[in-house]
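So the structure is just underneath, and the comments pick up after that.
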Amino acid sequence: MRLADLHLHSHFSDGTYSPEELAAQAQRCRLAAIALTDHDSVEGCPGTAVACAAKEIEFIPGTELTAEQDGNELHLLGYFIDTQNPSLLRRLARFQAVRQDRIHEMVARLNRLKVPLSAEAVFALASCRAPGRPHVARALVQAGLCVNLDEAFERFLKKNRPAWVPKFKMSAAEAVDLIHQAQGVAVLAHPGLNRTDQVIPGMVEAGLDGIECFHTKHSTAPSQHYLALAARFHLLVTGGSDCHGLSKGKPLIGTVKVPYQHVETLKARSAEIKTAALLHSPLMSLPANAVEKP
Ligand SMILES: [Zn+2]
Ligand SMILES: [Zn+2]
């Protein structure tokens with residue numbers, strides 16, 4: 001059976017794999033298709049597309065956005081997005097700037113706690129435009145200031161710990177809209193992890209296309225629960241490992257995979273979204289006689 005892992009991170013966000021390493025790992029796991037879903041970034045997509053093509057693995061460009069609804073953080077996956085879309089790129093650049101400011105603020109808080117970490121050390125380690133808390137945690141371990149990543153999060157970086165800094169977030173509806181503007185398919189990521197069932201009906205109204213039913217942090221019962229919700233709200237089903245490379249021990253890529261038929265339904269929805277965008281483009285809404293005939 002052909003299988004796909006539709007939730008992966010690279011070193012363009014907080015993963016450790018390069019595009020080439022991701023493609024090699026996907027080949028090792030015999031995956032027919034993979035999607036790259038870096039946080040607030042699409043930078044890794046062109047390189048991963050090339051690396052996958054060389055191994056005859058189908059590649060789906062994607063991203064993972066952070067939003068907030070009723071005080072809960074939630075993540076939105078965008079699949080088959082147009083990675084050149086100007087409004088998407090503008091918004092991603094803004095999110096990346098916010099992330100970089102947040103690193104400075106977290107480091108300042110650590111310094112006030114007499115933890116001598118420098119922002120430069122975090123940026124050097126992250127070496128990407130979308131740095132986040134995992135990079136601060138890794139820098140703390142690398143500098144010998146924490147024994148491991150768990151200690152870094154438990155002592156300093158988890159929500160409401162002394163170096164935690166709240167993050168700007170858009171609303172769930174805005175995130176769905178941004179993905180649709182970039183002609184992508186909008187999927188709610190790992191709802192079992194964020195425990196955000198109550199926001200799903202509102203997101204369906206905002207145009208949500210799918211739910212990530214299968215995920216590393218979803219055991220059988222949550223997966224079944226979200227499959228039932230997907231059926232009730234007529235949503236697409238996706239799944240993936242949320243692999244971040246080797247940052248947390250063994251790579252997760254390929255440990256959660258979905259049958260290829262889910263890629264086909266995603267693709268069909270993507271085609272509908274792209275057709276609708278074309279019908280609403282300024283050129284198509286001109287009266288027929290205003291378009292010059294060749
Ligand atoms: Zn996530
Ligand atoms: Zn993720």
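In the structure tokens, each chain is lettered A, B, ... as it comes, each chain's residues begin at 1, and ligands are numbered from 1 in order of appearance.
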Within 8 Å of ligand 2, which residues of chain A come that close, and what is the closest atom pair and distance in Å for each? Count only C-alpha atoms and all ligand atoms and give it as a tab-separated table.
residue	atom	partner	partner_atom_place_in_ligand_line	distance
A:His7	CA	ligand 2	1 (Zn)	6.2
A:Leu8	CA	ligand 2	1 (Zn)	6.5
A:His9	CA	ligand 2	1 (Zn)	6.4
A:Thr37	CA	ligand 2	1 (Zn)	6.6
A:Asp38	CA	ligand 2	1 (Zn)	6.9
A:His39	CA	ligand 2	1 (Zn)	6.9
A:Glu64	CA	ligand 2	1 (Zn)	6.4
A:His75	CA	ligand 2	1 (Zn)	8.0
A:Ala189	CA	ligand 2	1 (Zn)	7.7
A:Asp242	CA	ligand 2	1 (Zn)	4.7
A:Cys243	CA	ligand 2	1 (Zn)	7.3
A:His244	CA	ligand 2	1 (Zn)	7.7
Using only C-alpha atoms, which residues sit within 12 Å of Gly144 in chain A once same-chain residues fewer than 5 positions away are excluded, as a ChimeraX atom specification?
/A:115-117,137-139,149,151-152
Shell around range 212-217 of chain A at 7 Å using only C-alpha atoms, local window under 6 positions removed, as a PyMOL selection string:
chain A and resi 187-190+193+223+226-227+237-242+256
Non-local contacts of Gly47 in chain A (8 Å; only C-alpha atoms; under 4 positions in same chain excluded) as a list in words:
Pro19, Glu20 and Ala51 of chain A
With C-alpha atoms retained, export the selected residues as a tab-separated table (two decimals), in the first residue's frame.
chain	number	residue	atom	x	y	z
A	19	PRO	CA	15.70	18.83	2.54
A	20	GLU	CA	18.07	16.13	1.24
A	51	ALA	CA	15.33	16.25	-3.37
Which distance in Å separates CA of Gln100 in chain A and CA of Pro191 in chain A, to one decimal?
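Separation between CA of Gln100 in chain A and CA of Pro191 in chain A: 26.6 Å.
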Strand (DSSP E or B) call set, DSSP backbone run, range 17-144 of chain A, as an MDAnalysis selection string:
chainID A and resid 33:36 39 58:69 72:79
Residues just named, written with C-alpha atoms as a PDB file, in the first residue's frame:
ATOM      1  CA  ALA A  33       4.512  11.115  -0.570  1.00  0.00           C
ATOM      2  CA  ILE A  34       5.579  13.610   2.089  1.00  0.00           C
ATOM      3  CA  ALA A  35       4.547  17.139   3.045  1.00  0.00           C
ATOM      4  CA  LEU A  36       6.896  19.719   4.539  1.00  0.00           C
ATOM      5  CA  HIS A  39       6.415  26.664  11.300  1.00  0.00           C
ATOM      6  CA  GLU A  58       5.734  12.939  -4.330  1.00  0.00           C
ATOM      7  CA  PHE A  59       6.184  16.264  -2.539  1.00  0.00           C
ATOM      8  CA  ILE A  60       3.436  18.454  -1.103  1.00  0.00           C
ATOM      9  CA  PRO A  61       4.404  22.047  -0.205  1.00  0.00           C
ATOM     10  CA  GLY A  62       2.991  23.147   3.146  1.00  0.00           C
ATOM     11  CA  THR A  63       3.394  25.196   6.283  1.00  0.00           C
ATOM     12  CA  GLU A  64       2.199  25.196   9.896  1.00  0.00           C
ATOM     13  CA  LEU A  65       0.731  28.407  11.311  1.00  0.00           C
ATOM     14  CA  THR A  66       0.026  29.227  14.951  1.00  0.00           C
ATOM     15  CA  ALA A  67      -3.324  30.757  15.853  1.00  0.00           C
ATOM     16  CA  GLU A  68      -5.386  31.401  18.934  1.00  0.00           C
ATOM     17  CA  GLN A  69      -9.074  30.972  19.608  1.00  0.00           C
ATOM     18  CA  ASN A  72      -6.327  28.313  23.268  1.00  0.00           C
ATOM     19  CA  GLU A  73      -3.326  27.975  20.996  1.00  0.00           C
ATOM     20  CA  LEU A  74      -3.937  25.916  17.906  1.00  0.00           C
ATOM     21  CA  HIS A  75      -1.957  25.009  14.808  1.00  0.00           C
ATOM     22  CA  LEU A  76      -3.159  25.136  11.223  1.00  0.00           C
ATOM     23  CA  LEU A  77      -1.544  23.156   8.424  1.00  0.00           C
ATOM     24  CA  GLY A  78      -1.688  24.551   4.892  1.00  0.00           C
ATOM     25  CA  TYR A  79      -1.250  22.011   2.085  1.00  0.00           C
TER      26      TYR A  79
END
Select, from A:Gly184, A:Leu279, A:Asn194, A:Ala126, the residue with the minimum atom-to-atom distance to ligand 1, counting only C-alpha atoms and all ligand atoms.
A:Asn194
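CA of Gly71 in chain A is found 20.0 Å from CA of Ile211 in chain A.
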